[in-house]
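Visitor: This is protein_0.pdb (PDB, C-alpha atoms).
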```
ATOM      1  CA  MET A   4     106.643 111.258  67.803
ATOM      2  CA  ILE A   5     105.686 108.362  65.499
ATOM      3  CA  ILE A   6     105.395 109.525  61.888
ATOM      4  CA  TYR A   7     105.014 106.134  60.185
ATOM      5  CA  SER A   8     104.418 102.489  61.096
ATOM      6  CA  PHE A   9     104.854  99.198  59.256
ATOM      7  CA  ASP A  10     102.345  96.387  59.718
ATOM      8  CA  GLU A  11     104.699  93.498  59.040
ATOM      9  CA  LEU A  12     108.388  93.230  58.204
ATOM     10  CA  THR A  13     110.535  90.136  57.708
ATOM     11  CA  GLU A  14     114.035  89.725  59.146
ATOM     12  CA  ALA A  15     116.793  88.275  56.969
ATOM     13  CA  THR A  16     120.595  88.283  56.779
ATOM     14  CA  PHE A  17     122.490  90.397  54.282
ATOM     15  CA  ILE A  18     124.864  88.534  51.951
ATOM     16  CA  ARG A  19     126.002  90.904  49.206
ATOM     17  CA  ARG A  20     125.057  93.726  46.887
ATOM     18  CA  LEU A  21     124.645  92.531  43.317
ATOM     19  CA  ASN A  22     124.226  95.923  41.648
ATOM     20  CA  LYS A  23     122.984  99.415  42.433
ATOM     21  CA  PHE A  24     119.429  98.344  43.196
ATOM     22  CA  LEU A  25     119.677  94.615  43.873
ATOM     23  CA  VAL A  26     120.977  92.692  46.888
ATOM     24  CA  GLU A  27     121.147  89.068  47.958
ATOM     25  CA  VAL A  28     119.947  88.048  51.409
ATOM     26  CA  ASP A  29     119.461  84.811  53.327
ATOM     27  CA  LEU A  30     115.787  84.178  54.070
ATOM     28  CA  LYS A  31     115.644  80.414  54.573
ATOM     29  CA  GLY A  32     117.822  80.327  51.465
ATOM     30  CA  LYS A  33     119.264  82.932  49.145
ATOM     31  CA  ILE A  34     116.837  85.384  47.554
ATOM     32  CA  LYS A  35     117.204  88.669  45.670
ATOM     33  CA  CYS A  36     115.652  91.879  47.017
ATOM     34  CA  HIS A  37     115.218  95.397  45.730
ATOM     35  CA  LEU A  38     117.409  98.089  47.323
ATOM     36  CA  HIS A  39     115.771 101.491  46.898
ATOM     37  CA  ASP A  40     118.810 103.643  47.636
ATOM     38  CA  PRO A  41     121.358 104.802  45.029
ATOM     39  CA  GLY A  42     124.059 105.579  47.614
ATOM     40  CA  ARG A  43     127.113 103.395  48.150
ATOM     41  CA  LEU A  44     126.067 102.479  51.704
ATOM     42  CA  HIS A  45     129.525 100.972  52.193
ATOM     43  CA  GLN A  46     129.391 101.598  55.952
ATOM     44  CA  LEU A  47     126.153  99.639  56.218
ATOM     45  CA  LEU A  48     126.027  96.793  53.713
ATOM     46  CA  LYS A  49     128.234  94.242  55.452
ATOM     47  CA  ARG A  50     127.800  90.479  55.122
ATOM     48  CA  GLY A  51     126.076  88.900  58.096
ATOM     49  CA  ARG A  52     124.140  91.942  59.263
ATOM     50  CA  LYS A  53     120.419  91.677  59.874
ATOM     51  CA  VAL A  54     118.077  93.425  57.455
ATOM     52  CA  LEU A  55     114.341  94.050  57.470
ATOM     53  CA  LEU A  56     112.317  93.317  54.350
ATOM     54  CA  CYS A  57     108.920  94.588  53.261
ATOM     55  CA  LYS A  58     106.903  92.344  50.967
ATOM     56  CA  LYS A  59     105.836  94.015  47.732
ATOM     57  CA  GLU A  60     103.591  92.816  44.946
ATOM     58  CA  GLY A  61     103.362  93.839  41.308
ATOM     59  CA  ARG A  62     103.333  92.155  37.926
ATOM     60  CA  LYS A  63     106.395  94.054  36.709
ATOM     61  CA  ARG A  64     108.474  93.406  39.823
ATOM     62  CA  LYS A  65     111.437  91.038  39.622
ATOM     63  CA  THR A  66     111.699  90.685  43.407
ATOM     64  CA  LYS A  67     109.173  89.978  46.164
ATOM     65  CA  TYR A  68     110.796  92.164  48.829
ATOM     66  CA  ASP A  69     112.234  95.641  49.359
ATOM     67  CA  VAL A  70     115.032  96.192  51.878
ATOM     68  CA  ILE A  71     113.789  98.643  54.508
ATOM     69  CA  ALA A  72     116.539  98.776  57.131
ATOM     70  CA  ILE A  73     119.826  97.249  58.251
ATOM     71  CA  LYS A  74     120.944  96.617  61.839
ATOM     72  CA  LEU A  75     123.978  98.230  63.412
ATOM     73  CA  LYS A  76     123.586  99.150  67.077
ATOM     74  CA  GLU A  77     120.206 100.443  65.930
ATOM     75  CA  TRP A  78     118.056  99.866  62.868
ATOM     76  CA  VAL A  79     119.138 102.244  60.096
ATOM     77  CA  PHE A  80     116.394 103.042  57.590
ATOM     78  CA  ILE A  81     117.702 102.739  54.016
ATOM     79  CA  HIS A  82     114.664 102.911  51.700
ATOM     80  CA  SER A  83     114.711 106.340  50.021
ATOM     81  CA  GLY A  84     111.230 105.811  48.597
ATOM     82  CA  TYR A  85     109.781 106.705  52.008
ATOM     83  CA  HIS A  86     111.639 110.001  52.487
ATOM     84  CA  SER A  87     108.869 112.095  50.966
ATOM     85  CA  ILE A  88     106.282 110.317  53.136
ATOM     86  CA  PHE A  89     108.265 111.052  56.312
ATOM     87  CA  ALA A  90     108.752 114.690  55.307
ATOM     88  CA  GLU A  91     105.028 115.052  54.606
ATOM     89  CA  LYS A  92     104.191 113.880  58.135
ATOM     90  CA  ILE A  93     106.823 116.193  59.610
ATOM     91  CA  LEU A  94     105.325 119.156  57.753
ATOM     92  CA  GLU A  95     101.721 118.268  58.572
ATOM     93  CA  ASN A  96     102.542 118.092  62.289
ATOM     94  CA  GLY A  97     104.616 121.284  62.321
ATOM     95  CA  LEU A  98     107.682 119.555  63.773
ATOM     96  CA  LEU A  99     110.294 121.866  62.237
ATOM     97  CA  LYS A 100     111.000 125.050  64.181
ATOM     98  CA  ASN A 101     110.417 128.333  62.349
ATOM     99  CA  PHE A 102     109.222 126.495  59.243
ATOM    100  CA  ASN A 103     105.450 126.703  59.050
ATOM    101  CA  TYR A 104     104.157 125.816  55.624
ATOM    102  CA  LYS A 105     101.273 123.884  54.129
ATOM    103  CA  ILE A 106     101.809 121.423  51.287
ATOM    104  CA  GLU A 107     100.424 122.727  47.998
ATOM    105  CA  LYS A 108     101.844 120.115  45.648
ATOM    106  CA  LYS A 109     104.146 117.091  45.740
ATOM    107  CA  GLU A 110     106.648 116.267  42.990
ATOM    108  CA  TYR A 111     106.554 119.840  41.685
ATOM    109  CA  LYS A 112     108.199 120.333  38.301
ATOM    110  CA  TYR A 113     110.599 123.268  38.287
ATOM    111  CA  GLY A 114     113.157 123.835  35.547
ATOM    112  CA  LYS A 115     114.642 120.485  34.611
ATOM    113  CA  SER A 116     113.949 118.934  38.018
ATOM    114  CA  ARG A 117     111.106 117.626  40.122
ATOM    115  CA  ILE A 118     111.210 119.178  43.568
ATOM    116  CA  ASP A 119     109.738 117.112  46.402
ATOM    117  CA  PHE A 120     107.327 119.770  47.644
ATOM    118  CA  LEU A 121     105.818 123.095  46.663
ATOM    119  CA  LEU A 122     104.738 124.674  49.945
ATOM    120  CA  LYS A 123     102.612 127.718  50.659
ATOM    121  CA  ASN A 124     102.488 130.384  53.328
ATOM    122  CA  SER A 125     102.799 134.139  52.850
ATOM    123  CA  LYS A 126     105.253 133.173  50.110
ATOM    124  CA  LYS A 127     105.592 129.892  48.260
ATOM    125  CA  CYS A 128     108.521 127.642  49.098
ATOM    126  CA  LEU A 129     110.336 124.848  47.283
ATOM    127  CA  LEU A 130     111.467 122.050  49.595
ATOM    128  CA  GLU A 131     113.823 119.260  48.578
ATOM    129  CA  VAL A 132     114.247 116.242  50.885
ATOM    130  CA  LYS A 133     117.332 114.020  51.080
ATOM    131  CA  GLY A 134     118.161 111.031  53.264
ATOM    132  CA  CYS A 135     121.479 110.785  55.093
ATOM    133  CA  THR A 136     122.831 107.392  56.208
ATOM    134  CA  TYR A 137     126.572 108.194  56.426
ATOM    135  CA  GLU A 138     128.046 108.969  59.833
ATOM    136  CA  LYS A 139     131.621 109.524  61.007
ATOM    137  CA  ASN A 140     132.743 110.469  64.514
ATOM    138  CA  GLY A 141     129.241 111.515  65.471
ATOM    139  CA  ILE A 142     128.774 113.693  62.391
ATOM    140  CA  ALA A 143     126.066 112.926  59.830
ATOM    141  CA  MET A 144     127.327 113.681  56.324
ATOM    142  CA  PHE A 145     125.899 113.768  52.809
ATOM    143  CA  PRO A 146     126.612 112.404  50.248
ATOM    144  CA  ASP A 147     128.306 109.016  50.729
ATOM    145  CA  ALA A 148     129.501 109.037  47.096
ATOM    146  CA  PRO A 149     130.209 111.823  44.564
ATOM    147  CA  THR A 150     126.933 113.126  43.122
ATOM    148  CA  GLU A 151     127.078 115.468  40.157
ATOM    149  CA  ARG A 152     123.321 115.056  39.766
ATOM    150  CA  GLY A 153     122.831 116.165  43.357
ATOM    151  CA  ARG A 154     125.077 119.180  42.848
ATOM    152  CA  ARG A 155     123.140 120.261  39.736
ATOM    153  CA  HIS A 156     119.941 119.896  41.709
ATOM    154  CA  VAL A 157     121.205 122.295  44.398
ATOM    155  CA  VAL A 158     122.251 124.771  41.703
ATOM    156  CA  GLU A 159     118.725 124.698  40.308
ATOM    157  CA  LEU A 160     117.355 125.432  43.763
ATOM    158  CA  ILE A 161     119.736 128.382  44.098
ATOM    159  CA  ASN A 162     118.418 129.746  40.805
ATOM    160  CA  ALA A 163     114.855 129.595  42.162
ATOM    161  CA  ILE A 164     115.539 132.022  45.009
ATOM    162  CA  ASN A 165     114.268 135.073  43.108
ATOM    163  CA  ASN A 166     110.835 133.489  42.772
ATOM    164  CA  TYR A 167     110.477 131.277  45.859
ATOM    165  CA  LYS A 168     111.650 130.651  49.344
ATOM    166  CA  VAL A 169     113.889 127.584  49.052
ATOM    167  CA  ALA A 170     114.830 124.916  51.610
ATOM    168  CA  ILE A 171     116.573 121.540  51.805
ATOM    169  CA  LEU A 172     115.771 119.030  54.541
ATOM    170  CA  PHE A 173     118.193 116.216  55.364
ATOM    171  CA  LEU A 174     116.621 113.243  57.120
ATOM    172  CA  VAL A 175     119.419 111.811  59.271
ATOM    173  CA  MET A 176     119.036 108.060  59.830
ATOM    174  CA  ARG A 177     122.041 107.666  62.171
ATOM    175  CA  GLU A 178     122.762 108.914  65.689
ATOM    176  CA  ALA A 179     124.689 112.163  65.206
ATOM    177  CA  ARG A 180     125.500 115.412  67.005
ATOM    178  CA  TYR A 181     125.175 117.544  63.889
ATOM    179  CA  PHE A 182     125.002 117.469  60.090
ATOM    180  CA  SER A 183     127.660 118.540  57.603
ATOM    181  CA  PRO A 184     128.214 118.150  53.865
ATOM    182  CA  ASN A 185     130.772 115.451  53.131
ATOM    183  CA  TRP A 186     133.752 117.542  52.045
ATOM    184  CA  GLU A 187     136.106 114.572  51.891
ATOM    185  CA  ILE A 188     133.935 112.529  49.518
ATOM    186  CA  ASP A 189     132.419 115.291  47.354
ATOM    187  CA  GLU A 190     134.001 118.731  47.640
ATOM    188  CA  LYS A 191     132.034 120.166  44.687
ATOM    189  CA  PHE A 192     128.672 119.232  46.187
ATOM    190  CA  SER A 193     129.792 120.552  49.585
ATOM    191  CA  GLN A 194     130.897 123.875  48.120
ATOM    192  CA  THR A 195     127.601 124.188  46.266
ATOM    193  CA  LEU A 196     125.570 123.449  49.400
ATOM    194  CA  LYS A 197     127.538 126.070  51.323
ATOM    195  CA  MET A 198     126.960 128.569  48.502
ATOM    196  CA  ALA A 199     123.243 127.751  48.589
ATOM    197  CA  HIS A 200     123.145 128.625  52.282
ATOM    198  CA  GLU A 201     125.001 131.874  51.635
ATOM    199  CA  ARG A 202     122.527 132.770  48.871
ATOM    200  CA  GLY A 203     119.552 132.241  51.174
ATOM    201  CA  VAL A 204     118.584 128.571  50.881
ATOM    202  CA  LYS A 205     117.473 127.259  54.281
ATOM    203  CA  ILE A 206     119.384 124.066  55.175
ATOM    204  CA  MET A 207     117.794 121.877  57.847
ATOM    205  CA  ALA A 208     118.522 118.455  59.326
ATOM    206  CA  CYS A 209     116.499 116.253  61.635
ATOM    207  CA  ARG A 210     116.994 112.889  63.287
ATOM    208  CA  ILE A 211     114.823 109.994  62.134
ATOM    209  CA  LYS A 212     114.721 106.893  64.360
ATOM    210  CA  PHE A 213     113.417 103.433  63.487
ATOM    211  CA  ASP A 214     112.733 100.650  65.994
ATOM    212  CA  GLY A 215     111.941  97.929  63.478
ATOM    213  CA  LYS A 216     108.257  98.827  63.284
ATOM    214  CA  ASN A 217     107.742 102.526  63.970
ATOM    215  CA  VAL A 218     109.507 105.513  62.444
ATOM    216  CA  TYR A 219     109.994 108.434  64.827
ATOM    217  CA  PHE A 220     110.803 112.096  64.408
ATOM    218  CA  GLY A 221     113.637 112.593  66.872
ATOM    219  CA  LYS A 222     114.708 116.222  66.837
ATOM    220  CA  GLU A 223     116.322 118.818  64.642
ATOM    221  CA  ILE A 224     120.100 118.760  64.778
ATOM    222  CA  PRO A 225     122.511 121.616  64.011
ATOM    223  CA  VAL A 226     123.848 122.130  60.490
ATOM    224  CA  ARG A 227     127.517 123.078  60.095
ATOM    225  CA  LEU A 228     128.623 123.964  56.583
TER     226      LEU A 228
END
```
Could you quickly redo this structure as structure tokens?
Guide:
Amino acid sequence: MIIYSFDELTEATFIRRLNKFLVEVDLKGKIKCHLHDPGRLHQLLKRGRKVLLCKKEGRKRKTKYDVIAIKLKEWVFIHSGYHSIFAEKILENGLLKNFNYKIEKKEYKYGKSRIDFLLKNSKKCLLEVKGCTYEKNGIAMFPDAPTERGRRHVVELINAINNYKVAILFLVMREARYFSPNWEIDEKFSQTLKMAHERGVKIMACRIKFDGKNVYFGKEIPVRL
């Protein structure tokens, strides 16, 4: 099912990453583009690969384009600013099994964090959404770099269990058989995610596909902690 479409994207060639949020590409000459993803993306950002750019306008912007996706065998979506939009469409269309909630509020402030969604049903639910672009041997894994901030975020969700239902949804951007925390790269985060599951946090993962224009909800994939 299509959950989002782009009107016009521009193809370029990746050259190098300049810093966390800035890359250089070849678009009839070298230009700088915004990269809206704090992960390392070391599997993806290789010189010579094709990327898709979305033109953006704004007086405070230093670049004219955002990087949307990079080409491996398939287009891999790498703009984390769209994750909440994709999740909203997934929720509105009831695409997650045994997870029927309506959106009450987006960017809900809880504790010291902003949770992506406050949902409502017979009981209110906090839902956090994360994108996963790292894959190894057919296994989608998160994170692709140590994330103390991410671990603290999961701890805060665990602490909310007495007052809310709590869930985490991983949007998997690569072809994968199942999802797992990345024990090799960040054992502390992985332990915390496993503890969250044991305490009652619902951990879900679903496949997101991108054909260069349309974003599709693929299917839910198993989670192995």
Visitor: Need to verify the contact set: Lys127 (chain A), 12 Å, all atoms listed in the file, exclusion of same-chain residues closer than 6 positions in sequence. Can you return it as a list in words?
Guide: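 Near neighbours after the sequence-gap exclusion: Asn103, Tyr104, Lys105, Ile106, Glu107, Lys108, Phe120, Leu121, Ala163, Ile164, Asn165, Asn166, Tyr167, Lys168, Val169 and Ala170 of chain A.
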Visitor: So which residues touch Leu56 (chain A) within 6 Å, counting all atoms listed in the file, skipping near sequence neighbours fewer than 5 positions away, as a PyMOL selection string?
Guide: chain A and resi 12-13+68-71
Visitor: Generate a file of the selected residues that holds C-alpha atoms, formatted as a CSV table (one decimal), in the coordinates of the input.
Guide:
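And here's again-v2.csv as it stands now:
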```csv
chain,number,residue,atom,x,y,z
A,12,LEU,CA,108.4,93.2,58.2
A,13,THR,CA,110.5,90.1,57.7
A,68,TYR,CA,110.8,92.2,48.8
A,69,ASP,CA,112.2,95.6,49.4
A,70,VAL,CA,115.0,96.2,51.9
A,71,ILE,CA,113.8,98.6,54.5
```
Visitor: Quick one, how far is CA of Leu47 (chain A) from CA of Leu75 (chain A)?
Guide: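 Separating CA of Leu47 (chain A) from CA of Leu75 (chain A) is a distance of 7.6 Å.
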Visitor: Quick check, in Å to one decimal: how far apart do CA of Cys209 (chain A) and CA of His37 (chain A) lie?
Guide: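 Interatomic distance, CA of Cys209 (chain A) to CA of His37 (chain A): 26.3 Å.
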Visitor: Taking only C-alpha atoms into account, which of A:Arg64, A:Lys31, A:Lys100, A:Arg180 comes nearest Arg210 (chain A)?
Guide: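 Closest to Arg210 (chain A) of all the choices is A:Arg180.
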Visitor: Any idea what the distance is between CA of Gly221 (chain A) and CA of Leu122 (chain A)?
Guide: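 Pair CA of Gly221 (chain A) / CA of Leu122 (chain A) returns 22.6 Å.
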Visitor: Generate the coordinates of N, CA and C atoms for region 92-103 of chain A; report them as a PDB file, keeping the file's coordinate frame.
Guide:
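Contents of the output file out.pdb:
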```pdb
ATOM      1  N   LYS A  92     104.695 113.967  56.766  1.00  0.00           N
ATOM      2  CA  LYS A  92     104.191 113.880  58.135  1.00  0.00           C
ATOM      3  C   LYS A  92     104.836 114.930  59.036  1.00  0.00           C
ATOM      4  N   ILE A  93     106.119 115.175  58.830  1.00  0.00           N
ATOM      5  CA  ILE A  93     106.823 116.193  59.610  1.00  0.00           C
ATOM      6  C   ILE A  93     106.211 117.567  59.365  1.00  0.00           C
ATOM      7  N   LEU A  94     105.926 117.866  58.104  1.00  0.00           N
ATOM      8  CA  LEU A  94     105.325 119.156  57.753  1.00  0.00           C
ATOM      9  C   LEU A  94     103.906 119.280  58.297  1.00  0.00           C
ATOM     10  N   GLU A  95     103.122 118.229  58.129  1.00  0.00           N
ATOM     11  CA  GLU A  95     101.721 118.268  58.572  1.00  0.00           C
ATOM     12  C   GLU A  95     101.604 118.480  60.076  1.00  0.00           C
ATOM     13  N   ASN A  96     102.578 117.972  60.830  1.00  0.00           N
ATOM     14  CA  ASN A  96     102.542 118.092  62.289  1.00  0.00           C
ATOM     15  C   ASN A  96     103.352 119.274  62.814  1.00  0.00           C
ATOM     16  N   GLY A  97     103.895 120.081  61.908  1.00  0.00           N
ATOM     17  CA  GLY A  97     104.616 121.284  62.321  1.00  0.00           C
ATOM     18  C   GLY A  97     105.804 121.007  63.222  1.00  0.00           C
ATOM     19  N   LEU A  98     106.594 119.982  62.894  1.00  0.00           N
ATOM     20  CA  LEU A  98     107.682 119.555  63.773  1.00  0.00           C
ATOM     21  C   LEU A  98     108.989 120.313  63.566  1.00  0.00           C
ATOM     22  N   LEU A  99     109.076 121.098  62.495  1.00  0.00           N
ATOM     23  CA  LEU A  99     110.294 121.866  62.237  1.00  0.00           C
ATOM     24  C   LEU A  99     110.131 123.283  62.781  1.00  0.00           C
ATOM     25  N   LYS A 100     111.068 123.721  63.578  1.00  0.00           N
ATOM     26  CA  LYS A 100     111.000 125.050  64.181  1.00  0.00           C
ATOM     27  C   LYS A 100     111.149 126.142  63.108  1.00  0.00           C
ATOM     28  N   ASN A 101     110.340 127.165  63.241  1.00  0.00           N
ATOM     29  CA  ASN A 101     110.417 128.333  62.349  1.00  0.00           C
ATOM     30  C   ASN A 101     110.271 127.941  60.883  1.00  0.00           C
ATOM     31  N   PHE A 102     109.457 126.918  60.626  1.00  0.00           N
ATOM     32  CA  PHE A 102     109.222 126.495  59.243  1.00  0.00           C
ATOM     33  C   PHE A 102     107.774 126.027  59.143  1.00  0.00           C
ATOM     34  N   ASN A 103     106.886 126.984  59.031  1.00  0.00           N
ATOM     35  CA  ASN A 103     105.450 126.703  59.050  1.00  0.00           C
ATOM     36  C   ASN A 103     104.844 126.894  57.668  1.00  0.00           C
TER      37      ASN A 103
END
```
